[in-house]
file protein27.cif (mmCIF, C-alpha atoms, pLDDT in the B column; chains and numbers go by the auth columns)
data_final
loop_
_atom_site.group_PDB
_atom_site.id
_atom_site.type_symbol
_atom_site.label_atom_id
_atom_site.label_comp_id
_atom_site.label_asym_id
_atom_site.label_seq_id
_atom_site.Cartn_x
_atom_site.Cartn_y
_atom_site.Cartn_z
_atom_site.B_iso_or_equiv
_atom_site.auth_seq_id
_atom_site.auth_asym_id
ATOM 1 C CA MET A 1 -7.355 59.650 -21.175 60.00 10 A
ATOM 2 C CA ASN A 2 -9.110 57.562 -18.552 77.00 11 A
ATOM 3 C CA SER A 3 -12.638 58.232 -17.424 80.00 12 A
ATOM 4 C CA PRO A 4 -13.209 58.768 -13.703 78.00 13 A
ATOM 5 C CA THR A 5 -15.223 55.556 -13.713 79.00 14 A
ATOM 6 C CA SER A 6 -12.664 53.406 -15.574 84.00 15 A
ATOM 7 C CA HIS A 7 -11.416 52.060 -12.229 88.00 16 A
ATOM 8 C CA TYR A 8 -14.751 50.248 -11.905 92.00 17 A
ATOM 9 C CA SER A 9 -14.841 48.724 -15.398 93.00 18 A
ATOM 10 C CA SER A 10 -13.727 45.247 -14.284 94.00 19 A
ATOM 11 C CA TYR A 11 -16.433 45.185 -11.608 96.00 20 A
ATOM 12 C CA CYS A 12 -19.123 46.413 -14.025 96.00 21 A
ATOM 13 C CA TYR A 13 -18.070 43.746 -16.509 97.00 22 A
ATOM 14 C CA ALA A 14 -18.292 41.082 -13.781 97.00 23 A
ATOM 15 C CA LEU A 15 -21.772 42.279 -12.844 98.00 24 A
ATOM 16 C CA MET A 16 -22.840 42.162 -16.487 98.00 25 A
ATOM 17 C CA ARG A 17 -21.470 38.612 -16.876 98.00 26 A
ATOM 18 C CA ILE A 18 -23.208 37.466 -13.690 98.00 27 A
ATOM 19 C CA VAL A 19 -26.565 39.039 -14.599 98.00 28 A
ATOM 20 C CA VAL A 20 -26.509 37.778 -18.194 98.00 29 A
ATOM 21 C CA GLY A 21 -25.716 34.255 -17.001 98.00 30 A
ATOM 22 C CA PHE A 22 -28.374 34.446 -14.294 98.00 31 A
ATOM 23 C CA LEU A 23 -31.071 35.585 -16.725 98.00 32 A
ATOM 24 C CA PHE A 24 -30.051 32.975 -19.295 98.00 33 A
ATOM 25 C CA LEU A 25 -30.170 30.020 -16.909 98.00 34 A
ATOM 26 C CA TRP A 26 -33.879 30.668 -16.298 98.00 35 A
ATOM 27 C CA HIS A 27 -34.614 30.053 -19.974 97.00 36 A
ATOM 28 C CA GLY A 28 -33.115 26.589 -19.524 97.00 37 A
ATOM 29 C CA SER A 29 -34.959 26.058 -16.253 97.00 38 A
ATOM 30 C CA GLN A 30 -38.196 26.948 -17.998 96.00 39 A
ATOM 31 C CA LYS A 31 -37.551 24.429 -20.767 96.00 40 A
ATOM 32 C CA LEU A 32 -36.278 21.576 -18.608 96.00 41 A
ATOM 33 C CA PHE A 33 -38.211 21.937 -15.356 97.00 42 A
ATOM 34 C CA ASP A 34 -41.211 24.178 -16.178 95.00 43 A
ATOM 35 C CA ILE A 35 -39.866 26.655 -13.608 95.00 44 A
ATOM 36 C CA PRO A 36 -40.909 29.451 -13.335 93.00 45 A
ATOM 37 C CA ALA A 37 -43.434 28.711 -16.118 91.00 46 A
ATOM 38 C CA GLY A 38 -43.787 25.892 -18.599 89.00 47 A
ATOM 39 C CA MET A 39 -43.195 25.939 -22.323 90.00 48 A
ATOM 40 C CA PRO A 40 -46.170 26.096 -24.667 90.00 49 A
ATOM 41 C CA PRO A 41 -47.382 22.764 -26.025 91.00 50 A
ATOM 42 C CA GLY A 42 -45.796 21.466 -29.197 91.00 51 A
ATOM 43 C CA VAL A 43 -42.225 22.623 -28.596 91.00 52 A
ATOM 44 C CA PRO A 44 -39.921 20.031 -30.188 93.00 53 A
ATOM 45 C CA PRO A 45 -37.832 17.862 -27.838 93.00 54 A
ATOM 46 C CA PHE A 46 -34.529 19.079 -29.345 93.00 55 A
ATOM 47 C CA ILE A 47 -35.462 22.609 -28.250 94.00 56 A
ATOM 48 C CA ILE A 48 -36.476 21.511 -24.772 94.00 57 A
ATOM 49 C CA TYR A 49 -33.526 19.197 -24.082 96.00 58 A
ATOM 50 C CA GLY A 50 -30.834 20.572 -26.385 97.00 59 A
ATOM 51 C CA ALA A 51 -31.376 24.310 -26.026 97.00 60 A
ATOM 52 C CA GLY A 52 -32.599 23.931 -22.449 97.00 61 A
ATOM 53 C CA SER A 53 -29.410 22.156 -21.402 98.00 62 A
ATOM 54 C CA ILE A 54 -27.190 24.739 -23.078 98.00 63 A
ATOM 55 C CA GLU A 55 -29.147 27.563 -21.471 98.00 64 A
ATOM 56 C CA LEU A 56 -29.201 26.086 -17.970 98.00 65 A
ATOM 57 C CA ILE A 57 -25.635 24.776 -17.831 98.00 66 A
ATOM 58 C CA GLY A 58 -24.173 27.602 -19.928 98.00 67 A
ATOM 59 C CA GLY A 59 -25.986 30.216 -17.869 98.00 68 A
ATOM 60 C CA ILE A 60 -24.686 28.754 -14.618 98.00 69 A
ATOM 61 C CA LEU A 61 -21.114 28.482 -15.946 98.00 70 A
ATOM 62 C CA VAL A 62 -21.120 32.052 -17.260 98.00 71 A
ATOM 63 C CA MET A 63 -22.715 33.365 -14.067 98.00 72 A
ATOM 64 C CA ILE A 64 -20.114 31.785 -11.781 98.00 73 A
ATOM 65 C CA GLY A 65 -17.301 32.354 -14.278 98.00 74 A
ATOM 66 C CA LEU A 66 -16.194 28.764 -14.839 98.00 75 A
ATOM 67 C CA PHE A 67 -14.973 27.707 -18.315 97.00 76 A
ATOM 68 C CA THR A 68 -16.374 31.061 -19.359 98.00 77 A
ATOM 69 C CA HIS A 69 -14.769 31.326 -22.805 97.00 78 A
ATOM 70 C CA VAL A 70 -16.204 28.001 -23.976 98.00 79 A
ATOM 71 C CA ALA A 71 -19.590 28.263 -22.231 98.00 80 A
ATOM 72 C CA ALA A 72 -20.236 31.760 -23.561 98.00 81 A
ATOM 73 C CA PHE A 73 -19.129 30.813 -27.081 98.00 82 A
ATOM 74 C CA ILE A 74 -21.546 27.866 -27.134 98.00 83 A
ATOM 75 C CA ALA A 75 -24.355 30.029 -25.721 98.00 84 A
ATOM 76 C CA SER A 76 -23.656 32.687 -28.358 98.00 85 A
ATOM 77 C CA GLY A 77 -23.888 30.089 -31.106 98.00 86 A
ATOM 78 C CA GLU A 78 -27.100 28.709 -29.685 98.00 87 A
ATOM 79 C CA MET A 79 -28.646 32.168 -29.708 98.00 88 A
ATOM 80 C CA ALA A 80 -27.544 32.726 -33.316 98.00 89 A
ATOM 81 C CA VAL A 81 -29.207 29.450 -34.308 97.00 90 A
ATOM 82 C CA ALA A 82 -32.312 30.319 -32.269 95.00 91 A
ATOM 83 C CA TYR A 83 -32.559 33.690 -33.979 97.00 92 A
ATOM 84 C CA TRP A 84 -32.399 32.245 -37.487 95.00 93 A
ATOM 85 C CA MET A 85 -34.718 29.324 -36.689 94.00 94 A
ATOM 86 C CA ALA A 86 -37.420 31.213 -34.814 92.00 95 A
ATOM 87 C CA HIS A 87 -37.167 34.846 -35.882 94.00 96 A
ATOM 88 C CA GLY A 88 -35.002 35.553 -38.921 92.00 97 A
ATOM 89 C CA THR A 89 -37.345 33.816 -41.341 93.00 98 A
ATOM 90 C CA LYS A 90 -40.317 36.011 -40.345 95.00 99 A
ATOM 91 C CA ALA A 91 -38.965 39.485 -41.135 93.00 100 A
ATOM 92 C CA LEU A 92 -35.666 41.229 -41.797 88.00 101 A
ATOM 93 C CA LEU A 93 -35.251 43.340 -38.664 94.00 102 A
ATOM 94 C CA PRO A 94 -35.255 42.043 -35.076 95.00 103 A
ATOM 95 C CA ILE A 95 -37.755 44.757 -34.094 95.00 104 A
ATOM 96 C CA GLN A 96 -40.144 43.271 -36.650 96.00 105 A
ATOM 97 C CA ASN A 97 -39.560 39.568 -35.974 96.00 106 A
ATOM 98 C CA HIS A 98 -39.347 39.809 -32.138 96.00 107 A
ATOM 99 C CA GLY A 99 -35.794 38.464 -32.124 97.00 108 A
ATOM 100 C CA GLU A 100 -34.167 41.302 -30.198 97.00 109 A
ATOM 101 C CA LEU A 101 -33.528 39.225 -27.076 97.00 110 A
ATOM 102 C CA ALA A 102 -31.854 36.457 -29.086 97.00 111 A
ATOM 103 C CA VAL A 103 -29.616 39.022 -30.815 98.00 112 A
ATOM 104 C CA LEU A 104 -28.709 40.712 -27.523 98.00 113 A
ATOM 105 C CA TYR A 105 -27.880 37.386 -25.879 98.00 114 A
ATOM 106 C CA CYS A 106 -25.882 36.306 -28.937 98.00 115 A
ATOM 107 C CA PHE A 107 -23.657 39.372 -28.899 98.00 116 A
ATOM 108 C CA ALA A 108 -23.435 39.617 -25.100 98.00 117 A
ATOM 109 C CA PHE A 109 -22.210 36.024 -24.988 98.00 118 A
ATOM 110 C CA LEU A 110 -19.839 36.640 -27.894 98.00 119 A
ATOM 111 C CA PHE A 111 -18.344 39.574 -25.963 98.00 120 A
ATOM 112 C CA ILE A 112 -18.059 37.435 -22.823 98.00 121 A
ATOM 113 C CA ALA A 113 -16.474 34.597 -24.816 98.00 122 A
ATOM 114 C CA VAL A 114 -13.788 36.929 -26.122 98.00 123 A
ATOM 115 C CA HIS A 115 -13.283 38.833 -22.861 97.00 124 A
ATOM 116 C CA GLY A 116 -13.316 35.837 -20.512 96.00 125 A
ATOM 117 C CA SER A 117 -14.459 35.522 -16.947 96.00 126 A
ATOM 118 C CA GLY A 118 -12.761 38.537 -15.405 95.00 127 A
ATOM 119 C CA THR A 119 -12.907 39.279 -11.717 94.00 128 A
ATOM 120 C CA TRP A 120 -15.350 37.663 -9.270 95.00 129 A
ATOM 121 C CA SER A 121 -15.154 34.313 -11.045 97.00 130 A
ATOM 122 C CA VAL A 122 -14.184 30.730 -10.360 97.00 131 A
ATOM 123 C CA ASP A 123 -11.720 30.943 -13.270 95.00 132 A
ATOM 124 C CA ALA A 124 -9.949 33.860 -11.545 93.00 133 A
ATOM 125 C CA LEU A 125 -9.776 31.895 -8.287 93.00 134 A
ATOM 126 C CA ARG A 126 -8.397 28.860 -10.111 91.00 135 A
ATOM 127 C CA ASN A 127 -5.785 30.957 -11.916 87.00 136 A
ATOM 128 C CA ARG A 128 -4.753 32.643 -8.641 84.00 137 A
ATOM 129 C CA HIS A 129 -4.437 29.229 -6.951 80.00 138 A
ATOM 130 C CA ASN A 130 -2.426 27.765 -9.862 81.00 139 A
ATOM 131 C CA ALA A 131 -0.085 30.766 -9.812 79.00 140 A
ATOM 132 C CA ARG A 132 0.748 30.079 -6.149 74.00 141 A
ATOM 133 C CA VAL A 133 1.431 26.371 -6.673 63.00 142 A
#
call {"tool": "encode", "arguments": {"input": "protein27.cif", "output": "structure tokens"}}
result
Amino acid sequence: MNSPTSHYSSYCYALMRIVVGFLFLWHGSQKLFDIPAGMPPGVPPFIIYGAGSIELIGGILVMIGLFTHVAAFIASGEMAVAYWMAHGTKALLPIQNHGELAVLYCFAFLFIAVHGSGTWSVDALRNRHNARV
């Protein structure tokens, strides 16, 4: 049985993908460009340039829905690594080790990687154009 709101599920998914990508790109912007605020001193260069690049580029790609499967899968993996490097060694539960955001991003991106870009995406436009050609 379908819910009365099931008609809107593709649009809600697109909004979630866009918002998650938008929020994620700012983590990369913070690392790479000190916008909106800089990173604390002493952050290793591989975090700034490696993670920052994944977050900025991956966030933009997920937000606009281009190469979404791959971009979201890489972002999910980066968040899994970030969790275990920065949080998982401090305490068992994310509520204790302050890793909740990394876990949420990890699984949101994993869901997006499996689900794909959906509607309102560059991938959908490309597929529609290729179907006509």
call {"tool": "resolve_selection", "arguments": {"input": "protein27.cif", "expression": "the PyMOL selection byres ((chain A and resi 57) around 9)", "output": "list of chain:residue names"}}
result
A:Gly37, A:Gln39, A:Lys40, A:Leu41, A:Met48, A:Val52, A:Pro53, A:Pro54, A:Phe55, A:Ile56, A:Tyr58, A:Gly59, A:Ala60, A:Gly61, A:Ser62
call {"tool": "resolve_selection", "arguments": {"input": "protein27.cif", "expression": "the PyMOL selection byres ((chain A and resi 91-100) around 10)", "output": "list of chain:residue names"}}
result
A:Ile56, A:Ala60, A:Ser85, A:Gly86, A:Glu87, A:Met88, A:Ala89, A:Val90, A:Leu101, A:Leu102, A:Pro103, A:Ile104, A:Gln105, A:Asn106, A:His107, A:Gly108, A:Glu109, A:Leu110, A:Ala111, A:Val112, A:Cys115
call {"tool": "axis_aligned_box", "arguments": {"input": "protein27.cif", "around": "region 107-121 of chain A", "padding_each_side": "4 Å", "output": "lines of an AutoDock Vina configuration file"}}
result
center_x = -28.7
center_y = 38.7
center_z = -27.5
size_x = 29.3
size_y = 13.3
size_z = 17.3
call {"tool": "resolve_selection", "arguments": {"input": "protein27.cif", "expression": "the PyMOL selection byres ((chain A and resi 81) around 10)", "output": "PyMOL selection string"}}
result
chain A and resi 26+30+63+67-68+70-72+74+76-80+82-87+114-126
call {"tool": "atom_distance", "arguments": {"input": "protein27.cif", "atom1": "CA of Ile66 (chain A)", "atom2": "CA of Ile27 (chain A)"}}
result
13.6 Å
call {"tool": "atom_distance", "arguments": {"input": "protein27.cif", "atom1": "CA of Phe42 (chain A)", "atom2": "CA of Leu75 (chain A)"}}
result
23.1 Å
call {"tool": "atom_distance", "arguments": {"input": "protein27.cif", "atom1": "CA of Asn139 (chain A)", "atom2": "CA of Ser19 (chain A)"}}
result
21.3 Å
